[in-house]
Amino acid sequence: MAEEVHLGLPGPWAADYREKADHYTTKIGGVPDWPTGDMGIKPEMLQCSLCGTKLCLVAQVYAPVVKLNIEERIIYVLVCPTPECGPRPQSWKVLRVQKCRNVEQTEGDGDELGQGTGPSSTSVPEEQIDKNKSHDINDDDFDLDALAEALEQAATLASNSKKKNKSKCANAPIERPVLKEKPADLSIPVLPCFYIYYDKEQYRVKGAVGSSSNEFPLDKEMTDTGNYEEEKWDGEKYEYDKAIGADRTFLKFKKRLDAYPEQCFRYSYGGKPLLAATKVQDAGTCRFCGSPRQYELQLMSPLLYFLHEAGKGSSNYGPSNWTWLTLIVYTCSKSCCPSSCGGRPCGCCWDVAEEEITIQEDEAV
Amino acid sequence: MAERGGERGGERGSDRGGFGRGFGRGGRGDRGGRRGGRRGQRQEEEKWVPVTKLGRLVQEKKFATIEEIYLHSLPVKEHQIVEALVPGLKDEVMKITPVQKQTRAGQRTRFKAFVVVGDGNGHVGLGVKCAKEVATAIRGAIILAKLSIVPVRRGYWGNKIGQPHTVPCKVTGKCGSVTVRMVPAPRGSGIVAARVPKKVLQFAGIEDVFTSSRGSTKTLGNFVKATFDCLMKTYGFLTPEFWRETKFSKTPYQEFTDLLAKPTKGLMLEAPIETVEA
């Protein structure tokens, strides 16, 4: 029954919060990396619906869908940076950017990647070279070992240079540069940026320990109370978890969070979200094709914690006001292309679709 | 970096799923060192990443005692909050009993653990957890007990000399058919109660009390919960000390919001105007 859930775990911080990566990068904060320079996105899509401020990027997730054979697909989660708008659900926006299915192979891909690697920052030059090199290799004849080696080299280089920023948890007083929220010359405010690496969630419902080791403490407990003959502890039945402040749904949510306490987001295309409260809003249907929306990914509280830690000491900082427990993103189940040249999927232009996001708040606040 | 690996994995086009194949490759290369470090870290104390707003405030040491949380009736949803705010917390497993459920394939046995935690100085919690294994049940029950920590009010039997040692008034608690009544006792009486509720009262920090119980106390689960319910009610009893009107203070969420604390020179008001012009 369990769908595979992939967790986005925090990786290294970006050296510069405004540094550009390419649209295959999964990261939190920073500047959105659009696949092409001119996306043709309507300006209203990038503005807060409440106050009109330009939205800033919270998460950019590269999310290809293999079943539908869509390789070029990115999800951007944007939010209004003003502290007043942050807590309200209308100030959040999710955009799904994808290139429609194309029948022709690598021609289009190569061009896109060439464009994509152009504006990348110089701090990660090795990866760019690796990528271009691997494109020369034939698709069928993939040299996996060389690929892994190259990746490892690049990653160790990147993580060594950012080692002091790597484990945000270990450094208690994190010396962060003052947040460049107020635009120096660019008009988009920017949240602290760090990159994400993936892990599959290994959630074992059954315990790992064998049963033999468990009977031993049980016997000890039974013999301890065996002396008291009048104490029978009769009539006990199964009882659901109960706590004064938290209900059962939240306790389950917290249990899975405790297994991977640093998870920034959970990804499971078409799977079931991990709810923090039982009340769930209906996702509705896609406004372009009418097919029902399905769950794809959810942002988790540790992400908020990391952003909060990074922005400490700066005033007018949006994430300080956020109190959500989880943000659930629903996308079109067919991953449709809203605009296509002449009604056919053309594979040359990028489509932008707005998707649904629901907030599960911490009700105590 | 892992994300580059993902992109390459995407191009390979196997059938597992967008991330599984892509990041398996890149991730293995990238995360070797980090993974090892993480595993080592896991065995020792893992740093707490707070989930709720209250947890974040507690971690920033904005609260000195847990009483400030009780004052505003804020729900405590993370057990690490209690661990951070109540030092000297001890826990004890009172009983592990098997509970059975009849299924088509025979009986399914699970274990139910009762755990009481307390610091012996006015804070006590009771946790009950059922799980398929004993160790899981105990661990879960300890967490639930910490989440259910309540303050216990103590008072005097007669002269107000020294520290409070008994319950302030006669209180009674009920669970199922069991009712437990606690009556103030003079100093030196000790806890006059059955063995099982006596443990809960010891953890609460009550030194002298007379108890009387009624109902089917053989169901010790209910007996223990009735005692705990009784302790919860000690602060619910209105006595003349509480007659004065409460002066409401700011809740910690309002108090510690940076938005209100720092003067912002009207920055937020200006921002929308700027963007419209742009």
# chains A, B, ... in the order shown; residues from 1 in each chain; ligands from 1
$ residues_around --residues "range 6-14 of chain A" --least-positions-apart "3" --cutoff "6 Å" --atoms "only C-alpha atoms" --output "NGL selection string"
:A and (17 or 165-166 or 193-201 or 263-267)
$ write_last_selection --atoms "C-alpha atoms" --output "PDB file, in the first residue's frame"
ATOM      1  CA  TYR A  17      21.360  33.976  -1.592  1.00  0.00           C
ATOM      2  CA  ASN A 165      27.406  26.077   6.604  1.00  0.00           C
ATOM      3  CA  LYS A 166      26.506  22.475   5.947  1.00  0.00           C
ATOM      4  CA  CYS A 193      18.823  29.824   0.071  1.00  0.00           C
ATOM      5  CA  PHE A 194      19.972  26.275   0.573  1.00  0.00           C
ATOM      6  CA  TYR A 195      20.018  23.218  -1.610  1.00  0.00           C
ATOM      7  CA  ILE A 196      18.230  19.951  -1.125  1.00  0.00           C
ATOM      8  CA  TYR A 197      19.311  16.380  -1.398  1.00  0.00           C
ATOM      9  CA  TYR A 198      16.931  13.489  -1.505  1.00  0.00           C
ATOM     10  CA  ASP A 199      16.374  10.414   0.566  1.00  0.00           C
ATOM     11  CA  LYS A 200      13.712   7.779   0.450  1.00  0.00           C
ATOM     12  CA  GLU A 201      11.682   7.523   3.577  1.00  0.00           C
ATOM     13  CA  GLN A 263      12.841  16.834   6.397  1.00  0.00           C
ATOM     14  CA  CYS A 264      12.015  19.993   4.510  1.00  0.00           C
ATOM     15  CA  PHE A 265       9.471  18.533   2.183  1.00  0.00           C
ATOM     16  CA  ARG A 266       7.895  15.240   1.283  1.00  0.00           C
ATOM     17  CA  TYR A 267       7.346  14.222  -2.319  1.00  0.00           C
TER      18      TYR A 267
END
$ residues_around --residues "Val61 in chain A" --least-positions-apart "6" --cutoff "6 Å" --atoms "only C-alpha atoms" --output "VMD selection string"
chain A and resid 26 74 to 75
$ select_by_dssp --residues "range 88-257 of chain B" --states "helix (DSSP H, G or I)" --output "PyMOL selection string"
chain B and resi 134-147+195-204+220-236+240-242+252-255
$ residues_around --residues "range 203-216 of chain B" --least-positions-apart "2" --cutoff "6 Å" --atoms "only C-alpha atoms" --output "tab-separated table (two decimals) with N, CA, C and O atoms, in the first residue's frame"
chain	number	residue	atom	x	y	z
B	118	GLY	N	7.37	12.50	36.41
B	118	GLY	CA	7.17	13.59	37.35
B	118	GLY	C	8.50	14.06	37.89
B	118	GLY	O	9.51	13.36	37.78
B	120	GLY	N	8.59	15.28	41.09
B	120	GLY	CA	8.49	15.25	42.55
B	120	GLY	C	8.30	16.62	43.15
B	120	GLY	O	8.45	16.79	44.35
B	121	ASN	N	7.95	17.60	42.31
B	121	ASN	CA	7.81	18.95	42.83
B	121	ASN	C	6.69	19.69	42.11
B	121	ASN	O	6.88	20.80	41.65
B	122	GLY	N	5.55	19.02	42.00
B	122	GLY	CA	4.40	19.74	41.48
B	122	GLY	C	4.07	19.52	40.03
B	122	GLY	O	3.18	20.16	39.50
B	123	HIS	N	4.80	18.62	39.32
B	123	HIS	CA	4.46	18.34	37.93
B	123	HIS	C	4.40	16.84	37.74
B	123	HIS	O	5.32	16.12	38.13
B	124	VAL	N	3.31	16.38	37.16
B	124	VAL	CA	3.18	14.93	36.96
B	124	VAL	C	2.44	14.68	35.65
B	124	VAL	O	1.62	15.50	35.22
B	165	HIS	N	2.53	20.80	51.68
B	165	HIS	CA	2.84	19.38	51.73
B	165	HIS	C	1.66	18.49	51.36
B	165	HIS	O	1.82	17.30	51.14
B	166	THR	N	0.46	19.06	51.30
B	166	THR	CA	-0.70	18.22	51.03
B	166	THR	C	-1.59	18.93	50.02
B	166	THR	O	-1.27	20.02	49.56
B	177	SER	N	-15.61	3.61	36.37
B	177	SER	CA	-16.44	3.51	37.57
B	177	SER	C	-15.67	3.88	38.83
B	177	SER	O	-16.23	3.91	39.92
B	178	VAL	N	-14.38	4.15	38.68
B	178	VAL	CA	-13.55	4.39	39.85
B	178	VAL	C	-13.56	5.87	40.19
B	178	VAL	O	-13.29	6.71	39.34
B	179	THR	N	-13.86	6.19	41.45
B	179	THR	CA	-13.69	7.58	41.91
B	179	THR	C	-12.67	7.56	43.03
B	179	THR	O	-12.69	6.68	43.90
B	180	VAL	N	-11.79	8.56	42.98
B	180	VAL	CA	-10.74	8.68	43.99
B	180	VAL	C	-10.92	10.02	44.67
B	180	VAL	O	-11.06	11.05	44.01
B	181	ARG	N	-10.92	10.02	45.98
B	181	ARG	CA	-11.10	11.26	46.72
B	181	ARG	C	-9.85	11.49	47.55
B	181	ARG	O	-9.39	10.61	48.26
B	182	MET	N	-9.32	12.70	47.45
B	182	MET	CA	-8.11	13.05	48.22
B	182	MET	C	-8.48	14.09	49.25
B	182	MET	O	-9.14	15.08	48.94
B	183	VAL	N	-8.01	13.85	50.47
B	183	VAL	CA	-8.36	14.70	51.60
B	183	VAL	C	-7.06	15.21	52.22
B	183	VAL	O	-6.13	14.42	52.40
B	184	PRO	N	-6.98	16.50	52.57
B	184	PRO	CA	-5.73	16.99	53.17
B	184	PRO	C	-5.41	16.26	54.46
B	184	PRO	O	-6.31	15.91	55.23
B	185	ALA	N	-4.12	16.03	54.68
B	185	ALA	CA	-3.67	15.29	55.85
B	185	ALA	C	-2.59	16.10	56.57
B	185	ALA	O	-1.88	16.87	55.94
B	189	SER	N	1.76	12.34	58.00
B	189	SER	CA	0.86	11.20	57.76
B	189	SER	C	1.38	10.33	56.64
B	189	SER	O	1.06	9.14	56.59
B	190	GLY	N	2.07	10.93	55.71
B	190	GLY	CA	2.49	10.15	54.54
B	190	GLY	C	1.32	10.00	53.59
B	190	GLY	O	0.21	10.47	53.83
B	191	ILE	N	1.57	9.29	52.50
B	191	ILE	CA	0.52	9.08	51.49
B	191	ILE	C	-0.24	7.83	51.89
B	191	ILE	O	0.29	6.71	51.88
B	192	VAL	N	-1.49	8.01	52.25
B	192	VAL	CA	-2.32	6.87	52.66
B	192	VAL	C	-3.15	6.48	51.44
B	192	VAL	O	-4.22	7.02	51.20
B	193	ALA	N	-2.62	5.53	50.67
B	193	ALA	CA	-3.31	5.14	49.44
B	193	ALA	C	-2.83	3.77	49.03
B	193	ALA	O	-1.86	3.24	49.59
B	200	VAL	N	1.86	7.51	41.79
B	200	VAL	CA	1.53	8.74	41.05
B	200	VAL	C	1.64	9.94	41.98
B	200	VAL	O	2.17	10.99	41.63
B	201	LEU	N	1.15	9.79	43.21
B	201	LEU	CA	1.18	10.91	44.15
B	201	LEU	C	2.61	11.23	44.58
B	201	LEU	O	2.94	12.39	44.83
B	218	LYS	N	-10.30	-2.70	40.94
B	218	LYS	CA	-9.53	-3.79	40.36
B	218	LYS	C	-9.04	-3.41	38.96
B	218	LYS	O	-7.99	-3.85	38.52
$ select_by_dssp --residues "range 81-245 of chain B" --states "strand (DSSP E)" --output "PyMOL selection string"
chain B and resi 90-103+106-118+123-131+150-151+171-175+178-184+191-192+209-214
$ residues_around --residues "range 140-147 of chain B" --least-positions-apart "4" --cutoff "8 Å" --atoms "only C-alpha atoms" --output "VMD selection string"
(chain A and resid 241 to 245) or (chain B and resid 76 to 79 82 to 83 91 113 to 117 125 to 129 136)
$ closest_residue --among "A:Asn321, A:Gln294, A:Gln202, A:Thr358" --to "chain B" --atoms "only C-alpha atoms"
A:Asn321
$ closest_residue --among "A:Ala353, A:Ala15, A:Leu68, A:Leu191" --to "His308 in chain A" --atoms "only C-alpha atoms"
A:Leu191
